[in-house]
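Peer 1: This structure is in structure tokens; I'll ask about it shortly.
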Amino acid sequence: MLDNYLPILVLVAIAFAFAAGSVVFSRLVGQKKPSVVKLAPYECGMPLFGTARDRFSIKFYIIAMLFIVFDIEVVFLYPWSVMFKRLGMFGFAEMGVFIVILFVGYVYVWKKGALEWE
Amino acid sequence: MENLVQAALANVNFSAIMPSLVLVCFGMALLLIGVFSRRGRTTHIAWISIIGLVITGIYTYIDWVNPETQFGFAGHVAQDNFAVFFNIIFIAAAGLTILISDDYLKREGYPISEYYALILFSTAGAMWMASGTDLMTIFLGLEVLSISLYVLAGMFRNDVRSNEAGLKYFLLGAFSTGFLLYGVALLYGVAGTTNVADIGMYLSAHKAALGNPMTIAGMVLLSTGFMFKIAIVPFHMWTPDVYQGAPTPITAFMSAGPKAAAIAAFLRILMFGLPELHAEWGAMLWLLAVLTMTVGNFIAISQTNIKRMLAYSSIAHAGYALVGLVAANEVGLSGILYYMLAYTFMNIGAFAVLILAGKQGEENLTLDGFAGFGYKRPFLGVALCVFLFSLMGLPPTAGFAGKFYVFAGAVKAGYIWLAIIGVLNSAVSLYYYLRVMVYMYFREPTEDYSWISMPVGAVISIVIALFGVLYLGLLPDCVMEMAKMSIF
Amino acid sequence: MITINHYLVLSAVLFSLGTFGVLTRKNAIVIFMCIELMLNAVNLSFISLSSHLGNMDGQIFVFFVMTVAAAEAAVGLALMIAFFRNRESIAVDDFSLLKW
């Protein structure tokens, strides 16, 4: 039974060795010429503005909240897609109702101005 | 596989959930109407939601006249008499609440259109709890109900008390949901199904499973979840804070509709799913009923804020309802149904008067604020007296008949002591209800209450509540007959 | 050999950890995360029981628990933001206005 897990163990070992090895190897072989730009936190290649410890704007929370809800509701589409052929038109209609309900929520959010950044 | 799908499709029966379907559709429509209307105008939305409730009421009436139980969604919902009776309670609670809300929201400066949609959604959730015959449906109904209520309790965004109430309700509600779900998972593990009746059948067929610690633990955890929602001591700590901080009409609604919904689902699970364990849960609920009545009534005595006092009294009333559940016989169970209907009318009626008597901003009227109220505002004074008499359980009001049936059930089932403790508790409650009347009629008025206006909706609501309280009190037979038909 | 019991024990341990966190933590968001831990412990129970019993009900239940938890998270965050705007804190010690 435990034999089945051997490949996973090997994979874990290799992954660990690779990660640790990269760090150690670059430290041993690499050059060290620190500069202001190099020491700055990475922000997708953009020039840095402000510290990383700033408070986030409240707008992020609203977008995050909406994202959680709409994202998770999609979970109901997966079982439907697996059974799509068998459920036929009825399943399609039911899912249509589901999407319409989500759409009502979307229109509401939109009209409420929650999607506007400014 | 093909057959399974066919069978499942054939089982979908939308007529079994027609009342809640209407409510959900109206709720969604109201959300859209709300965002497309001019800001601050909510009166039309309130009346549209009333129309939605009336249509729901018509469907509920059709369900009642049709004696056949409608099953739907592969046995996940059953629109039986039991569910229909509770639907009546929910519609009454939601309707009365909406009628008293519009003017209040404008006075407090929160004319929010989502308010009405959320009340309709939570009513639909309550209906799924009462008609759900599968733990899955009951759970979903409970969550639809609760999530709407979390928002409603915290509705007054700039009022810290309302924020605090919403957040407390949310944290403790979600916490209790965890217990409830764990109980469901354990029962599912024992019986291999989440259908309430199938769990009951499995347990009666496999007596060995009754001794399984998983069964007992599942029952206890499930009950804990429901007892949080019904606010039974020792799971009542959130109730006074949330009831005091929430907008007053929502407090009225919470103490009637959602409480009845939780009792309905609890009752169905105990009577159908776990009747084999009656000895266990009967003993547990006996103790908790005594605790709930006593703690609720005695702490209510020391309150000076009337809203908070009514919160503690609502805990005590949940204890009276539990007495009927402990008895678990025909009189006791139908007594619970009767009592919840009566409680809806008397409690929302009392809150309606409280709302009208309040000033903008300082809605939390203390006892002193009611000095001489009865003489300055005779109609409201008399109405409040009737509701308080009913809450005390004095004849000829609905509260008396309700308590009578519940305690009669307990006596019939041999729980004499429980009934005696209940009656003694009612006597204790006289003190704090009467004290309000003393302030109303025997204190010199310090104010002339000239700020009180009489909006149409609130007056209609008070009149309906008065009619309900007196009708249920004077002519209890008809409704009691209905309640008897409603229990299984 | 990993049996159903291992999963159930793990689930019970996670559930207890969540409960313990709810009872001891002070920050409302951390409390909510502990509640999520409890819910996910229950999900683990459901899934392992479902696979053990060969019955799909448990897995369907998990779908609903997940979506409900998402809706709860959205509402909870909104309530916390509203509270924070007025009180500049979400420590439960500051939930102190309503008392008897």
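Going through the structure tokens in order, the chains are called A, B, and so on, while each chain numbers its residues from 1 and the ligands are numbered from 1 in the order shown.
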Tell me, counting only C-alpha atoms, for each residue of chain C within 10 Å of chain A, which pair of atoms is nearest and how far apart they are in Å to one decimal, in rows ordered by chain and increasing number, as a Markdown table.

Peer 2:
```
| residue | atom | partner | partner_atom | distance |
| --- | --- | --- | --- | --- |
| C:Met1 | CA | A:Met1 | CA | 6.4 |
| C:Ile2 | CA | A:Met1 | CA | 9.1 |
| C:Ile60 | CA | A:Pro79 | CA | 9.6 |
| C:Phe63 | CA | A:Val75 | CA | 7.4 |
| C:Phe64 | CA | A:Phe76 | CA | 9.0 |
| C:Met66 | CA | A:Ile72 | CA | 7.6 |
| C:Thr67 | CA | A:Ile72 | CA | 5.8 |
| C:Val68 | CA | A:Val69 | CA | 9.1 |
| C:Ala69 | CA | A:Val69 | CA | 9.3 |
| C:Ala70 | CA | A:Val69 | CA | 5.7 |
| C:Ala71 | CA | A:Val69 | CA | 5.8 |
| C:Glu72 | CA | A:Val69 | CA | 9.1 |
| C:Ala73 | CA | A:Met65 | CA | 7.6 |
| C:Ala74 | CA | A:Met65 | CA | 4.9 |
| C:Val75 | CA | A:Met65 | CA | 8.1 |
| C:Gly76 | CA | A:Met65 | CA | 9.5 |
| C:Leu77 | CA | A:Met65 | CA | 7.4 |
| C:Ala78 | CA | A:Ile62 | CA | 7.9 |
| C:Ile81 | CA | A:Ile58 | CA | 8.2 |
```

Peer 1: Report the closest atom pair, with its distance in Å rounded to one decimal, for each residue of chain A that has an atom no farther than 8 Å from chain B; count only C-alpha atoms, sort by chain and then rising residue number, and write it as JSON lines.

Peer 2:
```
{"residue": "A:Arg86", "atom": "CA", "partner": "B:Glu2", "partner_atom": "CA", "distance": 7.1}
{"residue": "A:Leu87", "atom": "CA", "partner": "B:Val5", "partner_atom": "CA", "distance": 7.0}
{"residue": "A:Phe90", "atom": "CA", "partner": "B:Leu9", "partner_atom": "CA", "distance": 8.0}
{"residue": "A:Val104", "atom": "CA", "partner": "B:Met28", "partner_atom": "CA", "distance": 7.0}
{"residue": "A:Val107", "atom": "CA", "partner": "B:Leu32", "partner_atom": "CA", "distance": 7.7}
{"residue": "A:Tyr108", "atom": "CA", "partner": "B:Leu32", "partner_atom": "CA", "distance": 6.1}
{"residue": "A:Lys111", "atom": "CA", "partner": "B:Val35", "partner_atom": "CA", "distance": 6.2}
{"residue": "A:Lys112", "atom": "CA", "partner": "B:Val35", "partner_atom": "CA", "distance": 6.4}
```

Peer 1: Considering only C-alpha atoms, extract the chain C residues located within 6 Å of chain B and return them as a list in words.

Peer 2: Ile35, Met38, Leu39, Val42, Phe46, Leu49, Leu79, Phe83 and Leu98 of chain C

Peer 1: Save out the residues we just selected, N, CA and C atoms, as a short mmCIF file (atom, residue, chain, number, x, y, z; two decimals), in the first residue's frame.

Peer 2:
```cif
data_model
loop_
_atom_site.label_atom_id
_atom_site.label_comp_id
_atom_site.auth_asym_id
_atom_site.auth_seq_id
_atom_site.Cartn_x
_atom_site.Cartn_y
_atom_site.Cartn_z
N ILE C 35 -13.09 29.91 12.32
CA ILE C 35 -14.39 29.33 11.96
C ILE C 35 -14.30 28.63 10.62
N MET C 38 -12.89 25.32 11.11
CA MET C 38 -13.90 24.36 11.58
C MET C 38 -14.73 23.83 10.41
N LEU C 39 -15.17 24.74 9.55
CA LEU C 39 -16.02 24.31 8.43
C LEU C 39 -15.25 23.36 7.52
N VAL C 42 -15.04 19.95 8.89
CA VAL C 42 -16.28 19.22 8.64
C VAL C 42 -16.31 18.72 7.19
N PHE C 46 -16.95 14.99 5.76
CA PHE C 46 -17.97 14.65 4.77
C PHE C 46 -17.36 13.87 3.61
N LEU C 49 -16.17 10.35 4.68
CA LEU C 49 -17.32 9.48 4.91
C LEU C 49 -17.99 9.13 3.59
N LEU C 79 -19.11 43.49 7.20
CA LEU C 79 -19.46 43.93 8.55
C LEU C 79 -18.23 44.41 9.29
N PHE C 83 -17.49 48.12 10.85
CA PHE C 83 -17.15 48.31 12.26
C PHE C 83 -15.82 49.05 12.38
N LEU C 98 -22.54 47.25 23.89
CA LEU C 98 -23.79 46.64 24.30
C LEU C 98 -23.53 45.72 25.47
#
```

Peer 1: May I have the residues within 10 Å of Val233 of chain B as a list in words, using only C-alpha atoms and disregarding those fewer than 6 positions away in the same chain?

Peer 2: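 After dropping sequence-adjacent residues, the list is Met227, Leu287, Leu288, Ala289, Val290, Leu291, Thr292, Met293, Thr294, Val295, Gly296, Ile315, Ala316, Ala318 and Gly319 of chain B.
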
Peer 1: Write out as a PyMOL selection string the set of residues from chain C that DSSP, computed on the backbone, places in helix (DSSP H, G or I).

Peer 2: chain C and resi 4-24+28-53+57-87+92-94

Peer 1: Report, in Å with one decimal, the straight-line distance from atom CA of Val22 of chain C to atom CA of Met214 of chain B.

Peer 2: 23.7 Å

Peer 1: In Å, how far is it from atom CA of Tyr433 of chain B to atom CA of Ala93 of chain B?

Peer 2: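 Result for atom CA of Tyr433 of chain B versus atom CA of Ala93 of chain B: 22.1 Å, one decimal.
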
Peer 1: Could you please determine the separation between atom CA of Ala357 of chain B and atom CA of Gly402 of chain B in Å, to one decimal place?

Peer 2: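 The value is 27.9 Å.
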